[in-house]
Amino acid sequence: MKGCSGLFYTFEPPQDQFYDELMVEIEVRAAHNVLEACAQVETIERVVFTSSVTAVVWSEKQEPVTDVDERGWSEPSFCRTFKLWHALAKTLAEKTAWAMAMDRGVDMVAINAGLVTVPGISVTSPYLKGAQRMYEDGVLVTVDVGFLVDAHVAVYESPSAYGRYLCFSDAVCFPHDAVKLAQLLSPNDACPPPCGELRVVQQRIQNKKLNKMMVEFDAGKHVDE
């Protein structure tokens, strides 16, 4: 990290490994070590910590009473009970990073990303465990990789960026949206799931904070140009 002014941090297990209790511990330890390293480097101006929407949406409540936003946290006990290891890892790793950042005076901003729609994504993505309930709760969201990159750049370069930002470009709330996502995840499946088995749900997750910041960031760029 010596000589670096910023860090874009993300964690993904090796392709031949999966999320389990051990991987949760590894991801939490990695977050601690990275923030500790940043704290020891004087040149670091900001850390952009890539977390996940799964660190926000999982709790005992069967259905969100109010819209979910970046102020919410998934409940570790709930994640452990239902073996939502991806959500547990992202929740505890992000909490560890925030604790380190505040304790060591590191300027950190977090991006809590939805399911990233990239080539090769499949139904085996650990993000998707519990997808049926996320859909029913109105919090199943995806993000285009281009939008995700733009969000990272914006929160890094914007002096006013702070805290957490939910990052998604599409909410899956209609049966045809769910079928479209299923076809993306399983392109070789000759029989896509029928729309009739799903109901229309109300979107209960918002990323107004990120959208507002990106509008202001783009306006500032145009003024500078």
# chains A, B, ... in the order shown; residues from 1 in each chain; ligands from 1
>>> select_by_dssp(residues="region 60-123 of chain A", states="alpha helix (DSSP H)", output="list in words")
Pro76, Ser77, Phe78, Cys79, Arg80, Thr81, Trp85, His86, Ala87, Leu88, Ala89, Lys90, Thr91, Leu92, Ala93, Glu94, Lys95, Thr96, Ala97, Trp98, Ala99, Met100, Ala101, Met102, Asp103 and Arg104 of chain A
>>> residues_around(residues="Pro175 (chain A)", least_positions_apart="3", cutoff="7 Å", atoms="only C-alpha atoms", output="ChimeraX atom specification")
/A:178-179,195,198-200
>>> residues_around(residues="Thr54 (chain A)", least_positions_apart="5", cutoff="9 Å", atoms="only C-alpha atoms", output="PDB file with N, CA, C and O atoms, in the first residue's frame")
ATOM      1  N   TRP A  73     -28.913  -3.153   8.667  1.00  0.00           N
ATOM      2  CA  TRP A  73     -27.892  -4.211   8.738  1.00  0.00           C
ATOM      3  C   TRP A  73     -28.582  -5.565   8.825  1.00  0.00           C
ATOM      4  O   TRP A  73     -29.594  -5.715   9.507  1.00  0.00           O
ATOM      5  N   SER A  74     -28.011  -6.553   8.149  1.00  0.00           N
ATOM      6  CA  SER A  74     -28.488  -7.922   8.315  1.00  0.00           C
ATOM      7  C   SER A  74     -28.148  -8.406   9.719  1.00  0.00           C
ATOM      8  O   SER A  74     -27.145  -7.997  10.303  1.00  0.00           O
ATOM      9  N   HIS A  86     -22.904 -16.111   2.828  1.00  0.00           N
ATOM     10  CA  HIS A  86     -22.480 -14.927   2.069  1.00  0.00           C
ATOM     11  C   HIS A  86     -22.920 -13.662   2.796  1.00  0.00           C
ATOM     12  O   HIS A  86     -22.124 -12.726   2.989  1.00  0.00           O
ATOM     13  N   ALA A  87     -24.170 -13.630   3.209  1.00  0.00           N
ATOM     14  CA  ALA A  87     -24.687 -12.459   3.918  1.00  0.00           C
ATOM     15  C   ALA A  87     -23.952 -12.259   5.238  1.00  0.00           C
ATOM     16  O   ALA A  87     -23.618 -11.125   5.611  1.00  0.00           O
ATOM     17  N   LEU A  88     -23.692 -13.344   5.951  1.00  0.00           N
ATOM     18  CA  LEU A  88     -22.990 -13.237   7.235  1.00  0.00           C
ATOM     19  C   LEU A  88     -21.580 -12.713   7.033  1.00  0.00           C
ATOM     20  O   LEU A  88     -21.113 -11.831   7.779  1.00  0.00           O
ATOM     21  N   LYS A  90     -20.375 -10.888   4.518  1.00  0.00           N
ATOM     22  CA  LYS A  90     -20.378  -9.482   4.104  1.00  0.00           C
ATOM     23  C   LYS A  90     -20.747  -8.566   5.272  1.00  0.00           C
ATOM     24  O   LYS A  90     -20.182  -7.473   5.423  1.00  0.00           O
ATOM     25  N   THR A  91     -21.672  -9.005   6.113  1.00  0.00           N
ATOM     26  CA  THR A  91     -22.091  -8.197   7.257  1.00  0.00           C
ATOM     27  C   THR A  91     -20.955  -8.030   8.260  1.00  0.00           C
ATOM     28  O   THR A  91     -20.616  -6.905   8.656  1.00  0.00           O
ATOM     29  N   ASN A 112     -22.581  -1.019  -1.110  1.00  0.00           N
ATOM     30  CA  ASN A 112     -23.306  -2.269  -0.884  1.00  0.00           C
ATOM     31  C   ASN A 112     -24.022  -2.641  -2.177  1.00  0.00           C
ATOM     32  O   ASN A 112     -25.094  -2.127  -2.482  1.00  0.00           O
ATOM     33  N   ALA A 113     -23.375  -3.524  -2.932  1.00  0.00           N
ATOM     34  CA  ALA A 113     -23.821  -3.824  -4.284  1.00  0.00           C
ATOM     35  C   ALA A 113     -24.878  -4.918  -4.334  1.00  0.00           C
ATOM     36  O   ALA A 113     -24.864  -5.861  -3.539  1.00  0.00           O
ATOM     37  N   GLY A 114     -25.773  -4.789  -5.308  1.00  0.00           N
ATOM     38  CA  GLY A 114     -26.719  -5.855  -5.591  1.00  0.00           C
ATOM     39  C   GLY A 114     -26.015  -6.981  -6.339  1.00  0.00           C
ATOM     40  O   GLY A 114     -24.784  -6.994  -6.463  1.00  0.00           O
ATOM     41  N   TYR A 127     -24.737 -15.171  -3.490  1.00  0.00           N
ATOM     42  CA  TYR A 127     -25.642 -14.040  -3.259  1.00  0.00           C
ATOM     43  C   TYR A 127     -27.099 -14.500  -3.326  1.00  0.00           C
ATOM     44  O   TYR A 127     -27.967 -13.947  -2.631  1.00  0.00           O
TER      45      TYR A 127
END
>>> residues_around(residues="Ile121 (chain A)", least_positions_apart="6", cutoff="9 Å", atoms="only C-alpha atoms", output="PyMOL selection string")
chain A and resi 184-186
>>> residues_around(residues="region 168-171 of chain A", least_positions_apart="3", cutoff="12 Å", atoms="only C-alpha atoms", output="MDAnalysis selection string")
chainID A and resid 52:53 69:70 111:117 134:151 165 174:178 180:181 200:211
>>> decode(residues="region 64-84 of chain A", atoms="N, CA, C and O atoms", output="PDB file, in the first residue's frame")
ATOM      1  N   PRO A  64     -40.281  -6.182   5.263  1.00  0.00           N
ATOM      2  CA  PRO A  64     -39.882  -4.867   5.758  1.00  0.00           C
ATOM      3  C   PRO A  64     -41.083  -3.957   5.982  1.00  0.00           C
ATOM      4  O   PRO A  64     -41.977  -3.873   5.147  1.00  0.00           O
ATOM      5  N   VAL A  65     -41.122  -3.322   7.144  1.00  0.00           N
ATOM      6  CA  VAL A  65     -42.207  -2.388   7.447  1.00  0.00           C
ATOM      7  C   VAL A  65     -42.012  -1.097   6.665  1.00  0.00           C
ATOM      8  O   VAL A  65     -42.958  -0.503   6.158  1.00  0.00           O
ATOM      9  N   THR A  66     -40.789  -0.660   6.558  1.00  0.00           N
ATOM     10  CA  THR A  66     -40.458   0.528   5.782  1.00  0.00           C
ATOM     11  C   THR A  66     -39.418   0.138   4.737  1.00  0.00           C
ATOM     12  O   THR A  66     -38.852  -0.949   4.774  1.00  0.00           O
ATOM     13  N   ASP A  67     -39.173   1.033   3.799  1.00  0.00           N
ATOM     14  CA  ASP A  67     -38.193   0.751   2.760  1.00  0.00           C
ATOM     15  C   ASP A  67     -36.814   0.538   3.364  1.00  0.00           C
ATOM     16  O   ASP A  67     -36.401   1.245   4.285  1.00  0.00           O
ATOM     17  N   VAL A  68     -36.120  -0.455   2.847  1.00  0.00           N
ATOM     18  CA  VAL A  68     -34.754  -0.732   3.273  1.00  0.00           C
ATOM     19  C   VAL A  68     -33.821   0.273   2.610  1.00  0.00           C
ATOM     20  O   VAL A  68     -33.944   0.568   1.422  1.00  0.00           O
ATOM     21  N   ASP A  69     -32.879   0.808   3.393  1.00  0.00           N
ATOM     22  CA  ASP A  69     -31.868   1.677   2.820  1.00  0.00           C
ATOM     23  C   ASP A  69     -30.530   1.371   3.480  1.00  0.00           C
ATOM     24  O   ASP A  69     -30.391   0.369   4.190  1.00  0.00           O
ATOM     25  N   GLU A  70     -29.546   2.239   3.254  1.00  0.00           N
ATOM     26  CA  GLU A  70     -28.182   1.956   3.707  1.00  0.00           C
ATOM     27  C   GLU A  70     -28.027   1.982   5.230  1.00  0.00           C
ATOM     28  O   GLU A  70     -26.980   1.580   5.748  1.00  0.00           O
ATOM     29  N   ARG A  71     -29.054   2.383   5.951  1.00  0.00           N
ATOM     30  CA  ARG A  71     -28.967   2.396   7.415  1.00  0.00           C
ATOM     31  C   ARG A  71     -29.194   1.012   8.024  1.00  0.00           C
ATOM     32  O   ARG A  71     -28.895   0.794   9.193  1.00  0.00           O
ATOM     33  N   GLY A  72     -29.727   0.080   7.242  1.00  0.00           N
ATOM     34  CA  GLY A  72     -30.046  -1.235   7.765  1.00  0.00           C
ATOM     35  C   GLY A  72     -28.860  -2.188   7.763  1.00  0.00           C
ATOM     36  O   GLY A  72     -27.923  -2.041   6.974  1.00  0.00           O
ATOM     37  N   TRP A  73     -28.913  -3.153   8.667  1.00  0.00           N
ATOM     38  CA  TRP A  73     -27.892  -4.211   8.738  1.00  0.00           C
ATOM     39  C   TRP A  73     -28.582  -5.565   8.825  1.00  0.00           C
ATOM     40  O   TRP A  73     -29.594  -5.715   9.507  1.00  0.00           O
ATOM     41  N   SER A  74     -28.011  -6.553   8.149  1.00  0.00           N
ATOM     42  CA  SER A  74     -28.488  -7.922   8.315  1.00  0.00           C
ATOM     43  C   SER A  74     -28.148  -8.406   9.719  1.00  0.00           C
ATOM     44  O   SER A  74     -27.145  -7.997  10.303  1.00  0.00           O
ATOM     45  N   GLU A  75     -28.990  -9.283  10.252  1.00  0.00           N
ATOM     46  CA  GLU A  75     -28.793  -9.796  11.597  1.00  0.00           C
ATOM     47  C   GLU A  75     -27.933 -11.062  11.549  1.00  0.00           C
ATOM     48  O   GLU A  75     -28.339 -12.070  10.964  1.00  0.00           O
ATOM     49  N   PRO A  76     -26.747 -11.036  12.153  1.00  0.00           N
ATOM     50  CA  PRO A  76     -25.852 -12.200  12.122  1.00  0.00           C
ATOM     51  C   PRO A  76     -26.503 -13.479  12.636  1.00  0.00           C
ATOM     52  O   PRO A  76     -26.294 -14.556  12.071  1.00  0.00           O
ATOM     53  N   SER A  77     -27.299 -13.382  13.700  1.00  0.00           N
ATOM     54  CA  SER A  77     -27.932 -14.582  14.258  1.00  0.00           C
ATOM     55  C   SER A  77     -28.895 -15.207  13.252  1.00  0.00           C
ATOM     56  O   SER A  77     -28.961 -16.439  13.109  1.00  0.00           O
ATOM     57  N   PHE A  78     -29.629 -14.374  12.534  1.00  0.00           N
ATOM     58  CA  PHE A  78     -30.553 -14.863  11.515  1.00  0.00           C
ATOM     59  C   PHE A  78     -29.779 -15.533  10.385  1.00  0.00           C
ATOM     60  O   PHE A  78     -30.159 -16.619   9.909  1.00  0.00           O
ATOM     61  N   CYS A  79     -28.684 -14.908   9.966  1.00  0.00           N
ATOM     62  CA  CYS A  79     -27.866 -15.463   8.883  1.00  0.00           C
ATOM     63  C   CYS A  79     -27.276 -16.816   9.285  1.00  0.00           C
ATOM     64  O   CYS A  79     -27.216 -17.747   8.466  1.00  0.00           O
ATOM     65  N   ARG A  80     -26.841 -16.932  10.520  1.00  0.00           N
ATOM     66  CA  ARG A  80     -26.281 -18.211  10.993  1.00  0.00           C
ATOM     67  C   ARG A  80     -27.358 -19.303  11.034  1.00  0.00           C
ATOM     68  O   ARG A  80     -27.126 -20.436  10.624  1.00  0.00           O
ATOM     69  N   THR A  81     -28.519 -18.947  11.527  1.00  0.00           N
ATOM     70  CA  THR A  81     -29.604 -19.919  11.644  1.00  0.00           C
ATOM     71  C   THR A  81     -29.958 -20.523  10.300  1.00  0.00           C
ATOM     72  O   THR A  81     -30.170 -21.739  10.182  1.00  0.00           O
ATOM     73  N   PHE A  82     -30.005 -19.689   9.272  1.00  0.00           N
ATOM     74  CA  PHE A  82     -30.414 -20.153   7.941  1.00  0.00           C
ATOM     75  C   PHE A  82     -29.229 -20.371   6.996  1.00  0.00           C
ATOM     76  O   PHE A  82     -29.413 -20.506   5.796  1.00  0.00           O
ATOM     77  N   LYS A  83     -28.026 -20.390   7.578  1.00  0.00           N
ATOM     78  CA  LYS A  83     -26.810 -20.684   6.818  1.00  0.00           C
ATOM     79  C   LYS A  83     -26.643 -19.768   5.600  1.00  0.00           C
ATOM     80  O   LYS A  83     -26.258 -20.187   4.519  1.00  0.00           O
ATOM     81  N   LEU A  84     -26.950 -18.500   5.822  1.00  0.00           N
ATOM     82  CA  LEU A  84     -26.737 -17.483   4.787  1.00  0.00           C
ATOM     83  C   LEU A  84     -25.298 -16.979   4.924  1.00  0.00           C
ATOM     84  O   LEU A  84     -25.038 -15.863   5.376  1.00  0.00           O
TER      85      LEU A  84
END
